[in-house]
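**Student:** Dropping in data20.txt, with compact mmCIF, C-alpha atoms and all ligand atoms.
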```txt
# COMPACT_ATOMS: atom_id res chain seq x y z
CA MET K 1 4.52 93.64 24.79
CA ALA K 2 6.69 92.04 22.08
CA THR K 3 6.32 93.80 18.74
CA MET K 4 7.08 93.15 15.08
CA LYS K 5 7.17 95.05 11.80
CA ALA K 6 3.97 94.71 9.79
CA LEU K 7 2.40 96.27 6.72
CA VAL K 8 -1.02 97.38 7.90
CA LYS K 9 -4.13 98.65 6.14
CA SER K 10 -4.76 101.27 8.76
CA GLU K 11 -6.74 104.00 7.00
CA GLN K 12 -9.87 103.66 4.84
CA ALA K 13 -8.02 105.26 1.93
CA ARG K 14 -5.29 104.50 -0.61
CA GLY K 15 -2.06 103.20 0.96
CA LEU K 16 -0.70 100.91 3.64
CA SER K 17 1.59 101.70 6.56
CA LEU K 18 4.64 99.91 7.85
CA ARG K 19 4.38 100.00 11.62
CA ARG K 20 5.13 98.06 14.78
CA VAL K 21 2.32 95.90 16.09
CA GLU K 22 1.96 93.20 18.69
CA ILE K 23 3.32 89.73 17.76
CA PRO K 24 0.38 87.28 17.53
CA THR K 25 0.22 84.48 20.09
CA ILE K 26 -1.41 81.08 19.82
CA THR K 27 -4.83 81.07 21.49
CA GLU K 28 -6.50 78.08 19.77
CA ASP K 29 -5.42 74.43 19.70
CA HIS K 30 -5.15 74.22 15.88
CA GLU K 31 -3.17 77.40 15.36
CA VAL K 32 0.41 77.63 14.15
CA LEU K 33 2.78 80.57 14.54
CA VAL K 34 5.11 81.16 11.61
CA LYS K 35 8.19 83.36 11.30
CA VAL K 36 7.68 84.81 7.82
CA LYS K 37 10.72 84.78 5.52
CA TYR K 38 9.32 85.90 2.15
CA ALA K 39 5.93 87.16 1.03
CA SER K 40 4.86 88.01 -2.50
CA ILE K 41 2.47 90.75 -3.61
CA CYS K 42 -0.78 89.63 -5.23
CA GLY K 43 -3.32 91.64 -7.24
CA THR K 44 -5.64 91.35 -4.23
CA ASP K 45 -3.05 93.12 -2.05
CA LEU K 46 -2.83 95.83 -4.71
CA HIS K 47 -6.62 96.27 -4.60
CA ILE K 48 -6.44 96.64 -0.82
CA TYR K 49 -3.61 99.19 -1.22
CA GLN K 50 -5.59 101.09 -3.88
CA TRP K 51 -8.76 100.83 -1.76
CA ASN K 52 -11.02 99.93 -4.68
CA GLU K 53 -14.77 99.27 -4.35
CA TRP K 54 -14.22 95.59 -3.55
CA ALA K 55 -11.72 96.43 -0.78
CA LYS K 56 -14.03 99.09 0.71
CA ASN K 57 -16.80 96.52 1.02
CA ARG K 58 -14.63 93.67 2.26
CA ILE K 59 -11.72 94.83 4.41
CA ASN K 60 -11.96 95.75 8.07
CA THR K 61 -9.26 98.12 9.31
CA PRO K 62 -6.78 97.98 10.87
CA GLN K 63 -5.59 94.72 9.32
CA ILE K 64 -2.25 93.25 8.25
CA SER K 65 -2.28 92.53 4.50
CA GLY K 66 -0.64 89.74 2.49
CA HIS K 67 -1.29 86.05 2.01
CA GLU K 68 1.41 84.51 -0.21
CA PHE K 69 4.40 83.50 1.92
CA SER K 70 7.04 81.07 3.07
CA GLY K 71 8.40 80.80 6.58
CA GLU K 72 9.38 78.66 9.52
CA VAL K 73 7.07 77.19 12.14
CA ILE K 74 8.04 78.56 15.56
CA GLY K 75 4.98 77.64 17.62
CA VAL K 76 2.14 75.10 17.50
CA GLY K 77 -1.20 74.78 19.30
CA LYS K 78 -1.92 71.70 21.46
CA ALA K 79 -3.86 69.81 18.74
CA VAL K 80 -1.52 70.46 15.80
CA LYS K 81 -0.28 67.22 14.23
CA GLY K 82 0.73 67.99 10.64
CA VAL K 83 3.64 70.35 11.24
CA GLN K 84 6.23 70.88 13.94
CA ILE K 85 8.57 73.59 15.09
CA GLY K 86 11.31 74.17 12.51
CA ASP K 87 9.25 73.08 9.48
CA PHE K 88 9.56 75.17 6.30
CA VAL K 89 5.98 76.04 5.27
CA SER K 90 3.71 78.01 2.99
CA ALA K 91 -0.08 78.06 3.13
CA GLU K 92 -3.24 77.88 1.14
CA THR K 93 -5.11 81.18 1.38
CA HIS K 94 -8.64 79.81 1.48
CA ILE K 95 -9.39 78.90 5.09
CA PRO K 96 -12.17 76.29 5.09
CA CYS K 97 -14.56 75.50 7.94
CA GLY K 98 -14.18 71.74 7.47
CA TYR K 99 -17.82 70.84 8.15
CA CYS K 100 -20.03 72.42 5.46
CA ARG K 101 -21.39 70.43 2.51
CA LEU K 102 -18.65 71.72 0.19
CA CYS K 103 -15.84 70.88 2.59
CA ARG K 104 -17.33 67.41 2.99
CA THR K 105 -17.50 66.79 -0.76
CA GLY K 106 -13.93 67.58 -1.77
CA ASN K 107 -14.55 71.27 -2.42
CA MET K 108 -12.87 72.96 0.52
CA HIS K 109 -11.57 75.70 -1.79
CA ILE K 110 -15.14 77.00 -2.15
CA CYS K 111 -16.21 76.35 1.45
CA ARG K 112 -19.45 78.10 2.33
CA ASN K 113 -17.87 79.64 5.39
CA MET K 114 -14.52 80.37 3.79
CA LYS K 115 -12.26 83.03 5.21
CA ILE K 116 -9.34 84.40 3.22
CA LEU K 117 -5.95 84.95 4.81
CA GLY K 118 -4.98 88.64 4.71
CA VAL K 119 -8.51 89.59 3.59
CA ASP K 120 -10.75 88.36 6.40
CA THR K 121 -7.91 87.81 8.88
CA ASP K 122 -4.55 89.40 9.63
CA GLY K 123 -2.12 88.43 6.88
CA VAL K 124 1.54 87.72 6.30
CA PHE K 125 3.22 91.03 5.42
CA ALA K 126 4.68 90.85 8.93
CA GLU K 127 7.58 89.24 10.73
CA TYR K 128 5.20 86.71 12.32
CA ALA K 129 1.83 85.33 11.27
CA LYS K 130 -0.68 83.03 12.88
CA VAL K 131 -2.44 80.54 10.59
CA PRO K 132 -4.72 77.55 11.18
CA GLU K 133 -3.10 74.15 10.64
CA VAL K 134 -5.68 73.15 8.00
CA VAL K 135 -4.16 75.49 5.38
CA LEU K 136 -0.48 74.83 6.01
CA TRP K 137 1.67 73.25 3.31
CA LYS K 138 4.99 71.70 4.27
CA ASN K 139 7.67 72.65 1.75
CA SER K 140 10.56 70.50 0.64
CA PRO K 141 13.82 71.90 2.01
CA ALA K 142 15.08 71.71 -1.60
CA LEU K 143 12.73 74.53 -2.63
CA SER K 144 14.14 78.05 -2.53
CA GLN K 145 12.53 80.15 0.19
CA HIS K 146 11.53 83.07 -1.99
CA PHE K 147 10.06 80.87 -4.72
CA ALA K 148 8.12 78.96 -2.07
CA SER K 149 6.12 82.13 -1.40
CA VAL K 150 4.90 82.13 -5.01
CA GLN K 151 3.33 78.67 -4.95
CA GLU K 152 -0.11 80.02 -4.18
CA PRO K 153 -0.50 81.98 -7.47
CA LEU K 154 1.32 79.16 -9.27
CA GLY K 155 -1.49 77.01 -7.95
CA ASN K 156 -4.03 79.31 -9.64
CA ALA K 157 -2.21 78.73 -12.91
CA VAL K 158 -2.04 74.98 -12.33
CA PHE K 159 -5.76 74.73 -11.51
CA THR K 160 -6.69 76.82 -14.58
CA VAL K 161 -4.44 74.88 -16.97
CA THR K 162 -5.26 71.38 -15.71
CA THR K 163 -9.07 71.53 -15.79
CA GLY K 164 -9.30 71.57 -19.60
CA GLY K 165 -6.64 68.99 -20.36
CA VAL K 166 -3.97 70.67 -22.50
CA ALA K 167 -1.63 67.85 -23.57
CA GLY K 168 -1.24 67.94 -27.33
CA ARG K 169 -3.74 70.78 -27.62
CA SER K 170 -3.64 74.33 -28.88
CA VAL K 171 -4.09 76.90 -26.12
CA LEU K 172 -4.97 80.59 -26.09
CA ILE K 173 -4.07 82.51 -22.93
CA THR K 174 -5.57 85.99 -22.54
CA GLY K 175 -3.64 88.11 -20.02
CA ALA K 176 0.07 87.62 -19.25
CA GLY K 177 0.16 88.97 -15.72
CA PRO K 178 2.13 86.86 -13.24
CA ILE K 179 -0.49 84.09 -13.29
CA GLY K 180 -0.82 84.10 -17.08
CA LEU K 181 2.97 83.86 -17.34
CA MET K 182 2.98 80.89 -14.98
CA ALA K 183 0.19 79.31 -17.03
CA ILE K 184 2.39 79.47 -20.13
CA GLN K 185 5.10 77.47 -18.41
CA VAL K 186 2.64 75.03 -16.81
CA ALA K 187 0.81 74.45 -20.11
CA LYS K 188 4.10 73.87 -21.87
CA ALA K 189 5.30 71.48 -19.16
CA LEU K 190 2.07 69.51 -19.58
CA GLY K 191 2.53 69.20 -23.33
CA ALA K 192 0.36 71.98 -24.79
CA GLY K 193 1.10 73.51 -28.18
CA PRO K 194 0.93 75.85 -29.84
CA ILE K 195 0.56 78.32 -26.95
CA ILE K 196 -0.82 81.67 -28.13
CA VAL K 197 -0.85 84.66 -25.78
CA SER K 198 -2.87 87.84 -26.04
CA GLU K 199 -1.77 90.72 -23.77
CA VAL K 200 -2.18 94.49 -23.99
CA LYS K 201 1.08 95.52 -22.29
CA ASP K 202 4.27 95.21 -24.35
CA TYR K 203 6.46 94.56 -21.29
CA ARG K 204 4.38 91.50 -20.48
CA LEU K 205 4.13 90.34 -24.08
CA ASP K 206 7.90 90.27 -24.06
CA MET K 207 7.84 88.26 -20.83
CA ALA K 208 5.27 85.88 -22.35
CA ALA K 209 7.67 85.15 -25.21
CA LYS K 210 10.53 84.62 -22.75
CA ASN K 211 8.35 82.24 -20.74
CA GLY K 212 7.85 80.00 -23.75
CA ALA K 213 4.75 81.21 -25.63
CA ASP K 214 4.87 80.19 -29.28
CA TYR K 215 3.00 83.29 -30.45
CA VAL K 216 2.34 86.60 -28.66
CA PHE K 217 -0.08 89.27 -29.84
CA ASN K 218 -1.27 92.65 -28.62
CA PRO K 219 -5.05 92.92 -29.18
CA THR K 220 -4.85 96.72 -29.29
CA LYS K 221 -2.58 96.46 -32.34
CA GLU K 222 -3.51 93.17 -34.01
CA ASP K 223 -6.59 91.12 -34.86
CA VAL K 224 -5.90 88.24 -32.48
CA PHE K 225 -8.99 86.30 -33.59
CA ARG K 226 -7.65 86.26 -37.18
CA LYS K 227 -4.17 85.27 -35.96
CA VAL K 228 -5.59 82.36 -33.97
CA LYS K 229 -7.57 81.19 -36.99
CA ASP K 230 -4.47 81.40 -39.19
CA ILE K 231 -2.34 79.48 -36.70
CA THR K 232 -4.94 76.75 -36.17
CA ASN K 233 -5.77 76.17 -39.83
CA GLU K 234 -9.12 78.02 -39.42
CA GLU K 235 -10.29 75.64 -36.68
CA GLY K 236 -9.80 77.68 -33.51
CA VAL K 237 -7.96 76.73 -30.32
CA GLU K 238 -8.98 73.67 -28.34
CA VAL K 239 -8.48 75.33 -24.95
CA ALA K 240 -8.64 78.97 -23.83
CA LEU K 241 -7.47 80.28 -20.46
CA GLU K 242 -8.96 83.66 -19.54
CA MET K 243 -6.48 85.29 -17.14
CA SER K 244 -7.06 89.02 -17.64
CA GLY K 245 -10.46 89.83 -16.16
CA ASN K 246 -11.22 91.87 -19.27
CA GLU K 247 -14.57 91.33 -21.01
CA LYS K 248 -13.12 91.71 -24.52
CA ALA K 249 -10.64 88.98 -23.70
CA LEU K 250 -13.42 86.60 -22.62
CA ALA K 251 -15.32 87.39 -25.84
CA LEU K 252 -12.14 86.57 -27.79
CA CYS K 253 -11.82 83.24 -25.93
CA ILE K 254 -15.41 82.33 -26.91
CA ASP K 255 -14.93 83.41 -30.54
CA ALA K 256 -11.48 81.90 -31.05
CA LEU K 257 -12.40 78.52 -29.53
CA LEU K 258 -12.97 75.39 -31.58
CA PRO K 259 -16.60 74.23 -31.14
CA SER K 260 -16.57 71.65 -28.30
CA GLY K 261 -13.57 73.43 -26.76
CA HIS K 262 -12.92 74.32 -23.12
CA ILE K 263 -12.52 77.74 -21.50
CA SER K 264 -11.13 78.01 -17.97
CA ALA K 265 -11.96 81.46 -16.62
CA LEU K 266 -9.73 82.70 -13.77
CA GLY K 267 -9.71 86.47 -14.36
CA VAL K 268 -12.01 88.45 -12.08
CA PHE K 269 -14.16 91.10 -13.74
CA ASP K 270 -14.91 94.50 -12.20
CA LYS K 271 -18.61 94.27 -12.91
CA PRO K 272 -21.20 92.05 -14.61
CA PHE K 273 -21.40 92.35 -18.42
CA PRO K 274 -23.26 90.62 -21.27
CA ILE K 275 -21.74 87.68 -23.18
CA ASP K 276 -23.20 86.03 -26.28
CA ILE K 277 -24.43 82.95 -24.45
CA ASN K 278 -25.80 81.40 -27.66
CA LYS K 279 -22.21 81.09 -28.89
CA VAL K 280 -21.41 79.07 -25.78
CA ILE K 281 -24.50 76.92 -26.35
CA PHE K 282 -24.29 76.34 -30.09
CA LYS K 283 -20.52 75.85 -30.05
CA ASN K 284 -20.99 73.29 -27.27
CA ILE K 285 -18.38 75.07 -25.18
CA THR K 286 -17.44 74.29 -21.61
CA LEU K 287 -17.03 77.54 -19.68
CA TYR K 288 -15.38 76.53 -16.42
CA GLY K 289 -14.96 79.00 -13.54
CA ILE K 290 -11.82 78.76 -11.46
CA THR K 291 -11.64 79.77 -7.81
CA GLY K 292 -8.40 79.43 -5.93
CA ARG K 293 -6.75 76.04 -5.97
CA LYS K 294 -8.00 72.49 -5.42
CA MET K 295 -7.03 71.60 -1.87
CA PHE K 296 -4.62 70.08 -2.00
CA GLU K 297 -4.31 68.35 -5.36
CA THR K 298 -3.17 71.58 -6.98
CA TRP K 299 -0.44 72.06 -4.37
CA TYR K 300 1.02 68.64 -5.09
CA ILE K 301 1.17 69.39 -8.82
CA ALA K 302 2.59 72.90 -8.33
CA SER K 303 5.32 71.75 -5.97
CA SER K 304 6.19 68.81 -8.23
CA LEU K 305 6.52 71.17 -11.22
CA LEU K 306 8.89 73.34 -9.18
CA LEU K 307 10.96 70.57 -7.61
CA ASN K 308 11.36 68.73 -10.92
CA LYS K 309 12.30 71.99 -12.61
CA ARG K 310 9.42 71.88 -15.09
CA VAL K 311 8.60 75.47 -14.13
CA ASP K 312 11.29 78.12 -13.69
CA LEU K 313 10.19 80.98 -11.44
CA ASN K 314 13.41 82.89 -12.25
CA LYS K 315 11.62 83.92 -15.42
CA ILE K 316 8.59 85.19 -13.49
CA VAL K 317 9.87 86.76 -10.26
CA THR K 318 11.33 90.03 -11.55
CA HIS K 319 11.78 91.87 -8.25
CA LEU K 320 12.95 90.82 -4.80
CA LEU K 321 12.70 93.78 -2.41
CA PRO K 322 13.23 94.29 1.33
CA LEU K 323 9.99 94.85 3.28
CA GLU K 324 11.00 98.50 3.76
CA GLU K 325 10.68 98.99 -0.01
CA TRP K 326 7.16 97.60 -0.10
CA GLU K 327 5.68 100.69 -1.75
CA LYS K 328 8.04 100.44 -4.71
CA GLY K 329 6.73 96.90 -5.20
CA PHE K 330 3.10 98.01 -5.14
CA LEU K 331 3.76 100.84 -7.61
CA LEU K 332 5.55 98.42 -9.95
CA MET K 333 2.54 96.14 -9.82
CA GLU K 334 0.23 99.06 -10.48
CA GLN K 335 2.17 100.02 -13.62
CA GLY K 336 2.46 96.41 -14.77
CA ASN K 337 6.16 96.69 -15.62
CA CYS K 338 6.99 93.60 -13.62
CA GLY K 339 6.35 89.93 -13.24
CA LYS K 340 5.96 88.71 -9.67
CA VAL K 341 7.23 90.96 -6.88
CA VAL K 342 8.51 89.25 -3.71
CA LEU K 343 9.26 90.98 -0.40
CA LYS K 344 11.98 89.72 1.91
CA ILE K 345 10.52 89.90 5.40
CA GLY K 346 12.85 88.08 7.77
CA GLU K 347 16.02 85.96 7.99
P1 LIG T 1 -2.78 90.94 -13.54
O1 LIG T 1 -3.80 91.98 -13.38
O2 LIG T 1 -1.36 91.23 -13.21
O3 LIG T 1 -2.80 90.38 -15.03
C1 LIG T 1 -3.80 90.62 -15.94
C2 LIG T 1 -3.15 90.92 -17.28
O4 LIG T 1 -4.17 91.02 -18.27
C3 LIG T 1 -2.39 92.24 -17.28
O5 LIG T 1 -1.03 92.02 -17.67
C4 LIG T 1 -3.16 93.09 -18.27
O6 LIG T 1 -2.31 93.97 -19.01
C5 LIG T 1 -3.79 92.03 -19.17
N1 LIG T 1 -4.97 92.48 -19.92
C6 LIG T 1 -5.88 93.44 -19.61
N2 LIG T 1 -6.80 93.54 -20.58
C7 LIG T 1 -6.50 92.62 -21.50
C8 LIG T 1 -7.09 92.25 -22.75
N3 LIG T 1 -8.18 92.83 -23.24
N4 LIG T 1 -6.50 91.25 -23.45
C9 LIG T 1 -5.37 90.65 -23.00
N5 LIG T 1 -4.76 90.97 -21.82
C10 LIG T 1 -5.33 91.94 -21.10
O7 LIG T 1 -3.29 89.71 -12.70
P2 LIG T 1 -2.71 88.28 -12.27
O8 LIG T 1 -2.20 88.39 -10.88
O9 LIG T 1 -1.85 87.67 -13.29
O10 LIG T 1 -4.10 87.52 -12.19
C11 LIG T 1 -4.84 87.27 -13.37
C12 LIG T 1 -6.33 87.45 -13.16
O11 LIG T 1 -6.80 86.42 -12.30
C13 LIG T 1 -6.74 88.76 -12.51
O12 LIG T 1 -7.99 89.17 -13.06
C14 LIG T 1 -6.94 88.37 -11.06
O13 LIG T 1 -7.85 89.23 -10.39
C15 LIG T 1 -7.51 86.99 -11.20
N6 LIG T 1 -7.34 86.07 -10.08
C16 LIG T 1 -8.34 85.20 -9.87
C17 LIG T 1 -8.24 84.26 -8.87
C18 LIG T 1 -9.35 83.29 -8.68
O14 LIG T 1 -9.31 82.53 -7.71
N7 LIG T 1 -10.33 83.25 -9.58
C19 LIG T 1 -7.11 84.22 -8.06
C20 LIG T 1 -6.06 85.12 -8.32
C21 LIG T 1 -6.19 86.04 -9.33
ZN ZN T 2 -16.73 74.54 4.67
```
Here is the file; what I need is its structure written in the form of structure tokens.
**Tutor:**
Amino acid sequence: MATMKALVKSEQARGLSLRRVEIPTITEDHEVLVKVKYASICGTDLHIYQWNEWAKNRINTPQISGHEFSGEVIGVGKAVKGVQIGDFVSAETHIPCGYCRLCRTGNMHICRNMKILGVDTDGVFAEYAKVPEVVLWKNSPALSQHFASVQEPLGNAVFTVTTGGVAGRSVLITGAGPIGLMAIQVAKALGAGPIIVSEVKDYRLDMAAKNGADYVFNPTKEDVFRKVKDITNEEGVEVALEMSGNEKALALCIDALLPSGHISALGVFDKPFPIDINKVIFKNITLYGITGRKMFETWYIASSLLLNKRVDLNKIVTHLLPLEEWEKGFLLMEQGNCGKVVLKIGE
């Protein structure tokens, strides 16, 4: 039996374990085998590591974690047409069925039968990974291999920023985690201004400024609502991007928005909570939920922003670690003293 290194959720408790497991083999006609080069750590991976309530209810063990990656195609099933051996690829994480009503109406990213790579299937924190052709994205050889692994969360930022239309508009971003930081650069590239960021961690506020935010505020120390009003001549921002998953931040987005404005909500909340829905109604606000990325419009925009150097991931990827140092990466993410953390998996 040929084996590979893989980071496995093996126990129903906090942690992951780096162990040797069997290399996957192609068993279906539409499958593709990829030699993984780089994989980045996402908040979802952290939740699986921490074994939070969501992970307990969702993850079957043992399972290989990870879903953001870049790598090289080394095997293809009989029916695969879109990629060939040697191609440099990444992949969309949402695996659609292809036949449900949503898939058939341009909404594959919210397929009714959707499976998520590394959540419902074995993932990519491994030397080799098997993925269905439908989610593969062929990268330009001009793209750096470790940045290619970060396109999936960049796609979250792109989807969130583009739905409201930000050109020439004032934007409030709540939460400057890796995706919020990317959203700053994407919004700026698409002509937004001023860009105001609210974030509770000083390390990330500093990163927000370095990533091009015009104003950065810490809501635990400052009245961000008042600041937004001052900056926008008492009108409020035209667009708000909720990227923290914190209920106070969503309330701020609703309050600080110009009536008729647009909120794109990406952050995932731990539990349901009340919002003042009459403010949404009487302010004539659009509150737009974001799931994943539009397949594959978002990928075209994200890769264009990278290839044309409109977005610089050097300012977002703060750590590049060998797979063996995976736990250091997870602990960094847990503390929040980092931007994006990328693991180097193979040559
Ligand atoms: P992250 O957890 O690293 O970033 C969230 C940031 O929000 C942190 O820096 C945190 O300090 C900050 N924050 C917390 N409370 C705040 C408050 N009251 N005001 C301002 N900032 C506050 O996460 P990320 O990887 O950047 O992702 C952003 C969010 O999007 C997370 O909630 C994540 O779960 C979610 N997400 C959603 C999708 C989707 O498809 N909808 C996909 C990926 C991630
Ligand atoms: Zn479907």
**Student:** Could you give me, as a Markdown table, a per-residue list for chain K showing, wherever an atom lies at most 7 Å from an atom of ligand LIG 1 (chain T), the closest pair of atoms and their distance in Å to one decimal, using only C-alpha atoms and all ligand atoms and sorting by chain then residue number from low to high?
**Tutor:**
```
| residue | atom | partner | partner_atom | distance |
| --- | --- | --- | --- | --- |
| K:Cys42 | CA | T:LIG1 | O8 | 6.0 |
| K:Gly43 | CA | T:LIG1 | O8 | 5.0 |
| K:Thr44 | CA | T:LIG1 | O13 | 6.9 |
| K:Pro153 | CA | T:LIG1 | C20 | 6.4 |
| K:Asn156 | CA | T:LIG1 | C19 | 6.0 |
| K:Thr174 | CA | T:LIG1 | C9 | 4.7 |
| K:Gly175 | CA | T:LIG1 | O4 | 3.4 |
| K:Ala176 | CA | T:LIG1 | O5 | 4.8 |
| K:Gly177 | CA | T:LIG1 | O3 | 3.4 |
| K:Pro178 | CA | T:LIG1 | O9 | 4.1 |
| K:Ile179 | CA | T:LIG1 | O9 | 3.8 |
| K:Gly180 | CA | T:LIG1 | O9 | 5.3 |
| K:Ser198 | CA | T:LIG1 | C9 | 4.8 |
| K:Glu199 | CA | T:LIG1 | N5 | 3.6 |
| K:Val200 | CA | T:LIG1 | N5 | 4.9 |
| K:Lys201 | CA | T:LIG1 | O6 | 5.0 |
| K:Arg204 | CA | T:LIG1 | O5 | 6.1 |
| K:Pro219 | CA | T:LIG1 | N4 | 6.1 |
| K:Met243 | CA | T:LIG1 | C12 | 4.5 |
| K:Ser244 | CA | T:LIG1 | O4 | 3.6 |
| K:Gly245 | CA | T:LIG1 | O12 | 4.0 |
| K:Asn246 | CA | T:LIG1 | N2 | 4.9 |
| K:Glu247 | CA | T:LIG1 | N3 | 6.9 |
| K:Lys248 | CA | T:LIG1 | N3 | 5.2 |
| K:Ala249 | CA | T:LIG1 | N3 | 4.6 |
| K:Leu266 | CA | T:LIG1 | N7 | 4.3 |
| K:Gly267 | CA | T:LIG1 | O12 | 3.5 |
| K:Val268 | CA | T:LIG1 | O12 | 4.2 |
| K:Phe269 | CA | T:LIG1 | O12 | 6.5 |
| K:Ile290 | CA | T:LIG1 | N7 | 5.1 |
| K:Thr291 | CA | T:LIG1 | O14 | 3.6 |
| K:Gly292 | CA | T:LIG1 | O14 | 3.7 |
| K:Gly336 | CA | T:LIG1 | O5 | 6.3 |
```
**Student:** Near Asp122 in chain K, within 6 Å and counting all atoms listed in the file, which residues show up once chain neighbours fewer than 3 positions away are dropped, as a list in words?
**Tutor:**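 Counting only the stated atoms, we get Gln63, Ile64 and Gly118 of chain K.
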**Student:** Quick one: everything within 8 Å of range 189-191 of chain K, counting all atoms listed in the file, minus sequence neighbours fewer than 2 positions away in the same chain. Send it as a ChimeraX atom specification.
**Tutor:** /K:166-169,185-187,193,310-311
**Student:** Do you have the CA of Val36 in chain K-CA of Gly346 in chain K distance handy?
**Tutor:**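 CA of Gly346 in chain K lies 6.1 Å from CA of Val36 in chain K.
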**Student:** Residues within 6 Å of ligand ZN 2 (chain T), counting only C-alpha atoms and all ligand atoms: report them as an MDAnalysis selection string.
**Tutor:** chainID K and resid 96:100 102:103 108 111:113
**Student:** Pick from K:Gly71, K:Gly66, K:Gly339, K:Pro194: nearest to Asp120 in chain K, with only C-alpha atoms counted?
**Tutor:**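 Nearest candidate to Asp120 in chain K out of K:Gly71, K:Gly66, K:Gly339, K:Pro194: K:Gly66.
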**Student:** Env of Lys283 in chain K: 10 Å cut, atoms = only C-alpha atoms, seq-sep filter 6 positions within chain, self excluded. Answer as a VMD selection string.
**Tutor:** chain K and resid 254 to 255 257 to 261 277
**Student:** Let me make sure I understand: among K:Gln84, K:Asn337, K:Ser10, K:Thr25, which one has the smallest atom-to-atom distance to His319 in chain K if we use only C-alpha atoms?
**Tutor:**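 Ranking K:Gln84, K:Asn337, K:Ser10, K:Thr25 by distance to His319 in chain K, first place goes to K:Asn337.
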**Student:** Choose the residue, out of K:Ala213, K:Leu46, K:Leu154, K:Leu287, that has the smallest atom-to-atom separation from Tyr300 in chain K; count all atoms listed in the file.
**Tutor:**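 Closest to Tyr300 in chain K, using all atoms listed in the file: K:Leu154.
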**Student:** Can you fill out range 308-312 of chain K with all heavy atoms and hand it back as a compact mmCIF listing (two decimals), in the frame of the given file?
**Tutor:**
```txt
# COMPACT_ATOMS: atom_id res chain seq x y z
N ASN K 308 10.81 69.45 -9.76
CA ASN K 308 11.36 68.73 -10.92
C ASN K 308 11.79 69.68 -12.04
O ASN K 308 12.06 69.25 -13.15
CB ASN K 308 10.36 67.70 -11.42
CG ASN K 308 10.18 66.59 -10.40
OD1 ASN K 308 11.11 65.84 -10.14
ND2 ASN K 308 9.01 66.51 -9.79
N LYS K 309 11.81 70.96 -11.69
CA LYS K 309 12.30 71.99 -12.61
C LYS K 309 11.56 72.01 -13.95
O LYS K 309 12.13 72.26 -15.00
CB LYS K 309 13.81 71.85 -12.82
CG LYS K 309 14.59 71.86 -11.51
CD LYS K 309 16.03 72.24 -11.71
CE LYS K 309 16.86 72.15 -10.43
NZ LYS K 309 16.26 72.56 -9.19
N ARG K 310 10.25 71.74 -13.89
CA ARG K 310 9.42 71.88 -15.09
C ARG K 310 8.94 73.32 -15.23
O ARG K 310 8.48 73.73 -16.28
CB ARG K 310 8.22 70.93 -15.04
CG ARG K 310 8.59 69.47 -14.97
CD ARG K 310 9.42 69.05 -16.18
NE ARG K 310 9.52 67.61 -16.30
CZ ARG K 310 10.52 66.87 -15.81
NH1 ARG K 310 11.51 67.45 -15.15
NH2 ARG K 310 10.54 65.57 -15.98
N VAL K 311 8.97 74.05 -14.13
CA VAL K 311 8.60 75.47 -14.13
C VAL K 311 9.75 76.24 -13.51
O VAL K 311 10.30 75.82 -12.49
CB VAL K 311 7.30 75.68 -13.32
CG1 VAL K 311 7.10 77.13 -12.96
CG2 VAL K 311 6.09 75.15 -14.10
N ASP K 312 10.15 77.34 -14.17
CA ASP K 312 11.29 78.12 -13.69
C ASP K 312 10.80 79.50 -13.25
O ASP K 312 10.52 80.37 -14.09
CB ASP K 312 12.32 78.23 -14.84
CG ASP K 312 13.53 79.07 -14.44
OD1 ASP K 312 13.64 79.44 -13.25
OD2 ASP K 312 14.35 79.35 -15.32
```
